[in-house]
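K.L.:
File work.txt below, compact mmCIF, C-alpha atoms:
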# COMPACT_ATOMS: atom_id res chain seq x y z
CA MET C 294 0.00 0.00 0.00
CA MET C 295 2.78 2.47 0.95
CA ASN C 296 4.35 1.45 -2.32
CA TYR C 297 1.57 3.10 -4.34
CA ILE C 298 0.99 6.00 -1.96
CA TRP C 299 4.64 7.06 -1.93
CA GLY C 300 5.32 6.56 -5.64
CA GLY C 301 1.96 8.07 -6.56
CA MET C 302 2.53 11.20 -4.47
CA ILE C 303 5.87 11.93 -6.18
CA ILE C 304 4.65 11.22 -9.72
CA VAL C 305 1.46 13.25 -9.28
CA SER C 306 3.47 16.10 -7.70
CA LEU C 307 5.82 16.19 -10.70
CA ILE C 308 2.97 16.17 -13.23
CA VAL C 309 0.94 18.82 -11.37
CA SER C 310 4.03 21.02 -10.95
CA VAL C 311 4.24 21.37 -14.76
CA PHE C 312 0.65 22.68 -14.91
CA THR C 313 1.01 24.98 -11.94
CA GLY C 314 4.37 26.26 -13.20
CA ARG C 315 6.13 25.22 -9.99
CA VAL C 316 8.64 22.72 -11.37
CA GLU C 317 11.64 24.49 -9.82
CA GLN C 318 10.07 24.82 -6.38
CA THR C 319 9.03 21.15 -6.46
CA ALA C 320 12.55 20.02 -7.33
CA ALA C 321 13.94 22.22 -4.54
CA ALA C 322 11.39 20.75 -2.12
CA ALA C 323 12.64 17.24 -2.87
CA VAL C 324 16.15 18.22 -1.77
CA SER C 325 15.10 20.20 1.30
CA GLY C 326 12.58 17.55 2.37
CA ALA C 327 15.28 14.88 2.45
CA GLY C 328 17.52 17.16 4.52
CA GLU C 329 14.71 18.00 6.94
CA ALA C 330 14.04 14.32 7.54
CA VAL C 331 17.58 13.89 8.84
CA ASN C 332 17.32 17.01 11.02
CA LEU C 333 14.02 15.77 12.44
CA SER C 334 15.45 12.34 13.23
CA ILE C 335 18.51 13.81 14.93
CA SER C 336 16.46 16.25 17.00
CA LEU C 337 14.12 13.46 18.15
CA LEU C 338 16.90 10.97 18.78
CA GLY C 339 17.80 12.06 22.31
CA ILE C 340 14.27 12.34 23.63
CA MET C 341 13.20 9.05 22.03
CA CYS C 342 16.09 7.25 23.72
CA LEU C 343 15.27 8.95 27.01
CA TRP C 344 11.72 7.58 26.87
CA THR C 345 12.62 4.05 25.79
CA GLY C 346 15.18 4.09 28.62
CA ILE C 347 12.61 5.17 31.22
CA SER C 348 10.10 2.60 29.90
CA LYS C 349 12.70 -0.14 30.20
CA ILE C 350 13.13 0.66 33.91
CA GLY C 351 9.40 0.03 34.43
CA GLU C 352 9.54 -3.06 32.27
CA ASP C 353 12.49 -4.57 34.14
CA ALA C 354 10.97 -3.71 37.53
CA GLY C 355 7.75 -5.53 36.62
CA LEU C 356 5.47 -2.52 36.35
CA ILE C 357 3.50 -4.22 33.55
CA ARG C 358 2.63 -7.13 35.87
CA LEU C 359 1.60 -4.82 38.72
CA ILE C 360 -0.74 -2.71 36.59
CA SER C 361 -2.06 -5.81 34.84
CA LYS C 362 -3.30 -7.08 38.22
CA LEU C 363 -5.10 -3.79 38.83
CA LEU C 364 -6.76 -3.72 35.40
CA LYS C 365 -7.77 -7.37 35.19
CA PRO C 366 -11.24 -6.98 36.74
CA ALA C 367 -12.18 -4.19 34.30
CA LEU C 368 -10.86 -6.03 31.26
CA LYS C 369 -12.76 -9.22 32.13
CA ARG C 370 -15.92 -7.49 30.94
CA LEU C 371 -14.48 -6.97 27.46
CA PHE C 372 -13.51 -10.63 27.11
CA PRO C 373 -16.42 -12.45 28.79
CA ARG C 374 -15.67 -15.86 27.23
CA LEU C 375 -12.00 -15.93 28.32
CA ASP C 376 -10.96 -17.71 31.51
CA PRO C 377 -9.42 -14.92 33.65
CA ASP C 378 -6.71 -17.31 34.88
CA SER C 379 -5.68 -18.53 31.43
CA GLY C 380 -2.36 -17.65 29.83
CA ALA C 381 -4.21 -16.10 26.89
CA PHE C 382 -6.00 -13.57 29.10
CA GLY C 383 -2.71 -12.81 30.87
CA SER C 384 -1.02 -11.95 27.57
CA VAL C 385 -4.00 -9.85 26.49
CA VAL C 386 -3.91 -7.77 29.69
CA MET C 387 -0.15 -7.33 29.59
CA ASN C 388 -0.31 -6.21 25.96
CA ILE C 389 -2.91 -3.57 26.85
CA VAL C 390 -0.90 -2.33 29.84
CA ALA C 391 2.31 -2.11 27.79
CA ASN C 392 0.39 0.05 25.30
CA LEU C 393 -0.92 2.30 28.08
CA LEU C 394 2.61 2.87 29.36
CA GLY C 395 3.91 3.58 25.86
CA MET C 396 6.15 0.51 25.81
CA GLY C 397 5.77 -0.15 22.09
CA ASN C 398 8.77 -2.49 22.05
CA ALA C 399 7.22 -4.69 24.73
CA ALA C 400 3.61 -4.42 23.54
CA THR C 401 4.03 -5.91 20.07
CA PRO C 402 5.54 -9.28 21.11
CA LEU C 403 2.97 -9.58 23.95
CA GLY C 404 0.14 -8.88 21.49
CA ILE C 405 1.45 -11.37 18.96
CA SER C 406 1.72 -14.07 21.61
CA ALA C 407 -1.79 -13.20 22.83
CA VAL C 408 -3.23 -13.64 19.32
CA GLY C 409 -1.34 -16.94 19.00
CA LYS C 410 -2.83 -18.24 22.28
CA LEU C 411 -6.31 -17.05 21.30
CA LYS C 412 -5.95 -18.93 18.02
CA LYS C 413 -5.27 -22.17 19.92
CA LEU C 414 -8.39 -21.61 22.03
CA ASN C 415 -10.28 -21.11 18.76
CA ASN C 416 -9.21 -24.58 17.49
CA ASP C 417 -6.62 -23.08 15.14
CA ARG C 418 -9.23 -21.70 12.78
CA ASN C 419 -8.14 -19.15 10.15
CA ALA C 420 -10.92 -16.73 11.02
CA ALA C 421 -10.46 -14.26 13.88
CA SER C 422 -12.38 -14.98 17.09
CA ASN C 423 -14.39 -12.28 18.86
CA GLU C 424 -11.59 -11.97 21.43
CA MET C 425 -8.94 -11.40 18.75
CA CYS C 426 -11.03 -8.70 17.08
CA MET C 427 -11.47 -6.94 20.43
CA LEU C 428 -7.75 -7.16 21.21
CA VAL C 429 -6.68 -5.78 17.84
CA VAL C 430 -9.24 -2.97 17.92
CA LEU C 431 -7.97 -2.00 21.40
CA ASN C 432 -4.48 -1.92 19.90
CA THR C 433 -5.50 0.20 16.90
CA ALA C 434 -7.11 2.76 19.20
CA SER C 435 -4.20 4.61 20.74
CA LEU C 436 -4.12 3.81 24.45
CA GLN C 437 -0.84 5.57 25.18
CA LEU C 438 -1.08 7.82 28.24
CA ILE C 439 1.87 10.07 27.33
CA PRO C 440 2.42 10.52 23.58
CA THR C 441 6.17 11.00 23.93
CA THR C 442 7.22 11.39 20.29
CA LEU C 443 4.51 13.95 19.67
CA ILE C 444 5.46 16.00 22.74
CA SER C 445 9.11 15.98 21.66
CA LEU C 446 8.12 17.10 18.17
CA ARG C 447 6.06 19.99 19.58
CA GLN C 448 8.99 20.98 21.77
CA THR C 449 11.37 20.89 18.79
CA TRP C 450 9.15 23.32 16.87
CA GLY C 451 9.03 25.75 19.80
CA SER C 452 5.61 25.11 21.31
CA ALA C 453 4.87 27.26 24.37
CA SER C 454 3.22 24.26 26.04
CA PRO C 455 4.34 20.95 24.48
CA GLY C 456 2.22 18.87 26.88
CA GLY C 457 -0.80 21.17 26.65
CA VAL C 458 -2.59 18.82 24.27
CA ILE C 459 -2.50 15.82 26.64
CA PRO C 460 -5.98 16.33 28.24
CA ALA C 461 -7.55 16.74 24.78
CA ILE C 462 -5.75 13.61 23.58
CA TRP C 463 -7.15 11.64 26.54
CA ILE C 464 -10.72 12.81 25.84
CA CYS C 465 -10.24 11.91 22.18
CA GLU C 466 -8.80 8.48 23.01
CA ILE C 467 -11.68 7.66 25.36
CA CYS C 468 -14.28 8.61 22.71
CA ALA C 469 -12.50 6.61 20.00
CA LEU C 470 -12.16 3.65 22.36
CA ALA C 471 -15.85 3.75 23.29
CA VAL C 472 -16.85 3.78 19.62
CA GLY C 473 -14.38 0.98 18.80
CA ILE C 474 -15.59 -1.28 21.63
CA THR C 475 -19.26 -0.64 20.81
CA ALA C 476 -18.60 -1.36 17.13
CA VAL C 477 -16.85 -4.66 17.96
CA LYS C 478 -19.69 -5.76 20.23
CA LEU C 479 -22.40 -4.78 17.73
CA LEU C 480 -20.68 -6.20 14.66
CA GLU C 481 -19.48 -9.51 16.13
CA LYS C 482 -22.96 -10.98 15.75
CA ARG C 483 -23.18 -10.02 12.09
CA PHE C 484 -19.85 -11.42 10.87
CA MET B 127 -6.12 20.82 32.91
CA GLU B 128 -3.02 23.00 33.30
CA LEU B 129 -1.93 20.75 36.12
CA ILE B 130 -2.34 17.57 34.08
CA SER B 131 -0.32 18.88 31.16
CA ALA B 132 2.47 20.25 33.33
CA TYR B 133 2.79 17.32 35.73
CA SER B 134 2.00 14.21 33.66
CA VAL B 135 5.48 13.81 32.20
CA PRO B 136 7.49 14.36 35.42
CA CYS B 137 5.03 12.16 37.38
CA PHE B 138 5.49 9.39 34.86
CA ILE B 139 9.28 9.47 35.20
CA PHE B 140 9.04 9.74 39.01
CA ILE B 141 6.76 6.70 39.34
CA PHE B 142 8.95 4.57 37.08
CA LEU B 143 12.11 5.43 39.02
CA ILE B 144 10.56 4.95 42.47
CA TYR B 145 9.03 1.63 41.44
CA GLY B 146 12.37 0.57 39.96
CA PHE B 147 14.15 1.31 43.25
CA ALA B 148 11.38 -0.38 45.28
CA LYS B 149 11.88 -3.55 43.25
CA LYS B 150 15.68 -3.25 43.62
CA THR B 151 16.15 -2.96 39.86
CA ASP B 152 19.48 -1.69 38.53
CA VAL B 153 17.72 1.40 37.14
CA TYR B 154 20.78 2.82 35.39
CA ALA B 155 21.56 -0.44 33.57
CA SER B 156 17.89 -0.77 32.57
CA PHE B 157 17.85 2.82 31.37
CA THR B 158 20.92 2.49 29.16
CA SER B 159 19.80 -0.81 27.65
CA GLY B 160 16.37 0.71 26.91
CA ALA B 161 17.93 3.85 25.45
CA LYS B 162 20.04 1.66 23.19
CA SER B 163 16.96 -0.04 21.76
CA GLY B 164 15.46 3.44 21.26
CA LEU B 165 18.56 4.40 19.31
CA GLU B 166 18.05 1.43 17.02
CA SER B 167 14.39 2.17 16.35
CA ALA B 168 15.15 5.87 15.82
CA PHE B 169 17.78 4.96 13.24
CA ASN B 170 15.48 2.44 11.60
CA ILE B 171 12.84 5.05 10.77
CA ILE B 172 15.33 7.46 9.13
CA PRO B 173 15.15 5.87 5.63
CA SER B 174 11.34 5.93 5.53
CA LEU B 175 11.26 9.46 6.96
CA ILE B 176 13.63 10.68 4.22
CA GLY B 177 11.44 9.12 1.55
CA LEU B 178 8.19 10.38 3.01
CA MET B 179 9.27 13.91 3.89
CA THR B 180 10.61 14.28 0.36
CA ALA B 181 7.29 13.12 -1.08
CA ILE B 182 5.24 15.36 1.22
CA SER B 183 7.38 18.47 0.58
CA MET B 184 7.04 17.90 -3.17
CA PHE B 185 3.32 17.34 -2.82
CA ARG B 186 2.91 20.66 -1.04
CA GLU B 187 5.24 22.74 -3.24
CA SER B 188 3.78 21.46 -6.53
CA GLY B 189 0.35 22.74 -5.52
CA CYS B 190 -1.20 19.26 -5.19
CA LEU B 191 -1.99 19.77 -1.53
CA GLU B 192 -3.87 22.96 -2.33
CA LEU B 193 -5.88 21.22 -5.06
CA ILE B 194 -6.92 18.42 -2.68
CA SER B 195 -7.71 20.90 0.08
CA ARG B 196 -9.89 22.92 -2.31
CA ALA B 197 -11.66 19.81 -3.56
CA ALA B 198 -12.36 18.68 0.01
CA ALA B 199 -13.35 22.17 1.18
CA PRO B 200 -17.15 21.71 0.96
CA LEU B 201 -16.90 18.69 3.26
CA THR B 202 -14.23 20.02 5.61
CA ASN B 203 -15.92 23.43 5.97
CA LEU B 204 -19.05 21.61 7.06
CA ILE B 205 -17.27 20.15 10.12
CA HIS B 206 -14.99 23.20 10.58
CA MET B 207 -11.89 21.19 9.77
CA PRO B 208 -8.97 23.23 8.37
CA SER B 209 -8.37 21.74 4.93
CA GLU B 210 -4.63 21.38 5.61
CA LEU B 211 -5.49 18.44 7.87
CA VAL B 212 -7.10 16.32 5.15
CA PRO B 213 -3.83 14.55 4.20
CA LEU B 214 -3.15 13.73 7.86
CA GLY B 215 -6.61 12.22 8.31
CA LEU B 216 -6.11 10.09 5.20
CA LEU B 217 -2.57 8.92 5.98
CA ARG B 218 -2.87 8.40 9.76
CA PRO B 219 -4.40 4.89 9.63
CA VAL B 220 -1.96 3.81 6.89
CA SER B 221 1.53 4.83 8.00
CA GLY B 222 3.06 6.06 11.24
CA SER B 223 6.13 7.65 9.66
CA ALA B 224 4.06 9.27 6.88
CA SER B 225 1.78 10.91 9.44
CA LEU B 226 4.80 11.98 11.49
CA ALA B 227 6.14 13.64 8.34
CA VAL B 228 2.80 15.39 7.70
CA VAL B 229 2.59 16.64 11.29
CA THR B 230 6.14 18.01 10.99
CA ASP B 231 5.14 19.77 7.78
CA ILE B 232 2.12 21.34 9.52
CA PHE B 233 4.25 22.44 12.53
CA LYS B 234 6.76 24.01 10.16
CA ASN B 235 4.16 25.97 8.19
CA PHE B 236 1.70 26.96 10.92
CA GLY B 237 3.49 26.34 14.24
CA PRO B 238 2.60 23.70 16.85
CA ASP B 239 0.34 26.08 18.81
CA SER B 240 -1.76 27.25 15.83
CA THR B 241 -5.27 25.86 15.31
CA GLN B 242 -3.94 23.51 12.63
CA GLY B 243 -0.98 22.53 14.81
CA ARG B 244 -3.14 21.70 17.83
CA ILE B 245 -5.66 19.66 15.83
CA ALA B 246 -2.79 17.80 14.14
CA SER B 247 -1.21 17.09 17.56
CA ILE B 248 -4.43 15.72 19.05
CA MET B 249 -5.19 13.67 15.92
CA MET B 250 -1.67 12.23 15.88
CA GLY B 251 -1.67 11.45 19.62
CA SER B 252 -5.10 9.85 19.85
CA THR B 253 -5.09 7.52 16.83
CA GLU B 254 -2.93 4.60 15.71
CA THR B 255 -1.61 3.10 12.49
CA THR B 256 -4.62 0.81 12.09
CA PHE B 257 -3.70 -1.08 8.90
CA TYR B 258 -0.19 -1.81 10.15
CA THR B 259 -1.42 -3.07 13.53
CA VAL B 260 -4.05 -5.34 11.97
CA ALA B 261 -1.47 -6.70 9.49
CA VAL B 262 1.17 -7.41 12.16
CA TYR B 263 -1.11 -9.07 14.73
CA PHE B 264 -3.21 -11.17 12.39
CA GLY B 265 -0.40 -11.82 9.91
CA SER B 266 1.86 -13.25 12.61
CA ALA B 267 -0.79 -15.75 13.71
CA GLY B 268 -1.83 -16.68 10.17
CA ILE B 269 -5.36 -15.35 10.53
CA LYS B 270 -6.83 -14.80 7.04
CA ASN B 271 -10.37 -13.70 7.82
CA VAL B 272 -10.26 -10.61 10.06
CA ARG B 273 -14.09 -10.35 10.16
CA HIS B 274 -15.30 -7.03 11.61
CA THR B 275 -11.93 -5.83 12.93
CA LEU B 276 -11.22 -3.25 10.21
CA PHE B 277 -14.70 -1.71 10.33
CA ALA B 278 -14.61 -1.30 14.09
CA ALA B 279 -11.02 0.02 14.07
CA LEU B 280 -11.74 2.54 11.32
CA ALA B 281 -14.90 3.69 13.14
CA ALA B 282 -12.67 4.40 16.16
CA ASP B 283 -10.16 6.25 13.95
CA LEU B 284 -12.89 8.38 12.38
CA THR B 285 -14.15 9.24 15.87
CA GLY B 286 -10.65 10.29 16.91
CA ILE B 287 -10.20 12.45 13.81
CA LEU B 288 -13.59 14.20 14.17
CA MET B 289 -13.22 14.66 17.93
CA SER B 290 -9.78 16.27 17.55
CA VAL B 291 -11.34 18.86 15.22
CA PHE B 292 -14.33 19.44 17.51
CA LEU B 293 -12.28 19.73 20.68
CA VAL B 294 -10.16 22.53 19.19
CA GLN B 295 -12.86 24.33 17.17
CA PHE B 296 -15.76 24.21 19.61
CA PHE B 297 -14.30 23.46 23.05
CA GLY B 298 -11.24 25.67 22.94
CA PHE B 299 -8.55 23.03 23.61
Would you mind writing the structure in this file as structure tokens?
P.N.:
Amino acid sequence: MMNYIWGGMIIVSLIVSVFTGRVEQTAAAAVSGAGEAVNLSISLLGIMCLWTGISKIGEDAGLIRLISKLLKPALKRLFPRLDPDSGAFGSVVMNIVANLLGMGNAATPLGISAVGKLKKLNNDRNAASNEMCMLVVLNTASLQLIPTTLISLRQTWGSASPGGVIPAIWICEICALAVGITAVKLLEKRF
Amino acid sequence: MELISAYSVPCFIFIFLIYGFAKKTDVYASFTSGAKSGLESAFNIIPSLIGLMTAISMFRESGCLELISRAAAPLTNLIHMPSELVPLGLLRPVSGSASLAVVTDIFKNFGPDSTQGRIASIMMGSTETTFYTVAVYFGSAGIKNVRHTLFAALAADLTGILMSVFLVQFFGF
């Protein structure tokens, strides 16, 4: 998909630039865009490492397990058919907690192992079970409490209050999550 | 609200460190090993960022962006969405680095605290790369039929996109 989007954007830009008489500016933009990408990566490098470092402290100390215990009762409601003591449910909860804490590196392997365990419970069928759909939808809705990359980016561009958007992001996440969960529950009977 | 935005980041770091000490973790060793993995992932996105920021800069400078914005104007005006955000809404579910590149482009042209900049921030922070997530999780387990997952996930994305516009335009965030 990115294949066509990326190639298409450049080809269309070049064709349109002829009609708008902006060929020179477009060619210049190609060069400056490539340079800006490197600047952006370098300016984000330090803060990204800082955050992955802090996350790793929580990961090594077992913060995921602690918060998983606290969230288990609430998450049981979303996965009513899963045995709360099963390994599958454990992986599901830990995946969700890792997402909350912004531990992307830890969340993906936990999620993949959760889907694998759910597949076994579903007799190895090739179709997704209701639990898998719920888990993946929870993962596609951003659960991250502190959007670290975004805050760093705002800081880099001189925002007066880089973290000022956090409350709005939380409200937005909760609304999106509510719609996602409702959609899963409503649609699972139709598919 | 002010309190949340000012204290959330320091609180987060504080809790992680205190918990690390409470569990007798070697916090410094953990930190450096985590930072090293961050270094790797930061380096890994550089090639795609170069490709995408080039494409997005060209797209803007050639006048394409303006054409799309004008074409979408009747719809975006209806929901009070600045037309500059249309590309972000379209690319957000598809690619994380592409949307990062678009957000950077918006910050550069309007500033992070402008209306456009704030909507872009909220949109970027409250949604995820849906197609990628679905592909990774189901692909790894060999699930072929994803049933209602995409519909539900895209409904959540659309909610996030619309809410980010509404929160800034009508609720003054």
K.L.:
Given the choices C:Leu446, C:Ala323, C:Ala469, C:Leu307, which gets closest to Ser183 in chain B if the distance is worked out from all atoms listed in the file?
P.N.:
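Closest candidate: C:Ala323.
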K.L.:
What residues in chain C have any atom no more than 6 Å from chain B when counting only C-alpha atoms, and can you write them as a VMD selection string?
P.N.:
chain C and resid 303 306 310 315 319 322 to 323 326 to 327 330 342 to 343 345 to 347 349 to 351 354 405 409 419 to 421 426 430 433 to 435 440 447 452 456 to 457 459 462 465 to 466 469 472 to 473 476 to 477 484
K.L.:
Using all atoms listed in the file, pick whichever of C:Lys478, C:Ser361, C:Gln448, C:Val408 has the shortest atom-to-atom distance to Ser336 in chain C.
P.N.:
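Ranked by minimum distance to Ser336 in chain C, first place goes to C:Gln448.
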K.L.:
Of the residues B:Cys137, B:Leu201, B:Glu210, B:Gln295, which is the one nearest to Asn235 in chain B, using all atoms listed in the file?
P.N.:
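Among the listed residues, B:Glu210 lies closest to Asn235 in chain B.
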K.L.:
In Å to one decimal, how far is CA of Trp299 in chain C from CA of Ser225 in chain B?
P.N.:
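Atom-to-atom, CA of Ser225 in chain B and CA of Trp299 in chain C are spaced 12.3 Å apart.
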K.L.:
For a test of reading the model, state the distance in Å between CA of Leu338 in chain C and CA of Val212 in chain B, rounded to one decimal.
P.N.:
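Computing the Euclidean distance for CA of Leu338 in chain C and CA of Val212 in chain B yields 28.1 Å.
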K.L.:
Report the distance between CA of Glu424 in chain C and CA of Val386 in chain C in Å, rounded to one decimal place.
P.N.:
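CA of Val386 in chain C lies 12.0 Å from CA of Glu424 in chain C.
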K.L.:
Of the residues C:Pro373, C:Pro460, C:Gly301, C:Gly339, which is the one nearest to Ser445 in chain C, using only C-alpha atoms?
P.N.:
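Nearest to Ser445 in chain C: C:Gly339.
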K.L.:
Skip Ala399 in chain C itself and residues of its chain fewer than 2 positions away, then list as a short mmCIF file (atom, residue, chain, number, x, y, z; two decimals) with C-alpha atoms, in the coordinates of the input all residues within 12 Å of it, counting all atoms listed in the file.
P.N.:
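See out-v2.cif below for the written result:
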data_model
loop_
_atom_site.label_atom_id
_atom_site.label_comp_id
_atom_site.auth_asym_id
_atom_site.auth_seq_id
_atom_site.Cartn_x
_atom_site.Cartn_y
_atom_site.Cartn_z
CA THR C 345 12.62 4.05 25.79
CA SER C 348 10.10 2.60 29.90
CA LYS C 349 12.70 -0.14 30.20
CA GLY C 351 9.40 0.03 34.43
CA GLU C 352 9.54 -3.06 32.27
CA ASP C 353 12.49 -4.57 34.14
CA GLY C 355 7.75 -5.53 36.62
CA LEU C 356 5.47 -2.52 36.35
CA ILE C 357 3.50 -4.22 33.55
CA SER C 384 -1.02 -11.95 27.57
CA MET C 387 -0.15 -7.33 29.59
CA ASN C 388 -0.31 -6.21 25.96
CA ILE C 389 -2.91 -3.57 26.85
CA VAL C 390 -0.90 -2.33 29.84
CA ALA C 391 2.31 -2.11 27.79
CA ASN C 392 0.39 0.05 25.30
CA LEU C 393 -0.92 2.30 28.08
CA LEU C 394 2.61 2.87 29.36
CA GLY C 395 3.91 3.58 25.86
CA MET C 396 6.15 0.51 25.81
CA GLY C 397 5.77 -0.15 22.09
CA THR C 401 4.03 -5.91 20.07
CA PRO C 402 5.54 -9.28 21.11
CA LEU C 403 2.97 -9.58 23.95
CA GLY C 404 0.14 -8.88 21.49
CA ILE C 405 1.45 -11.37 18.96
CA SER C 406 1.72 -14.07 21.61
CA GLY B 160 16.37 0.71 26.91
CA SER B 163 16.96 -0.04 21.76
#
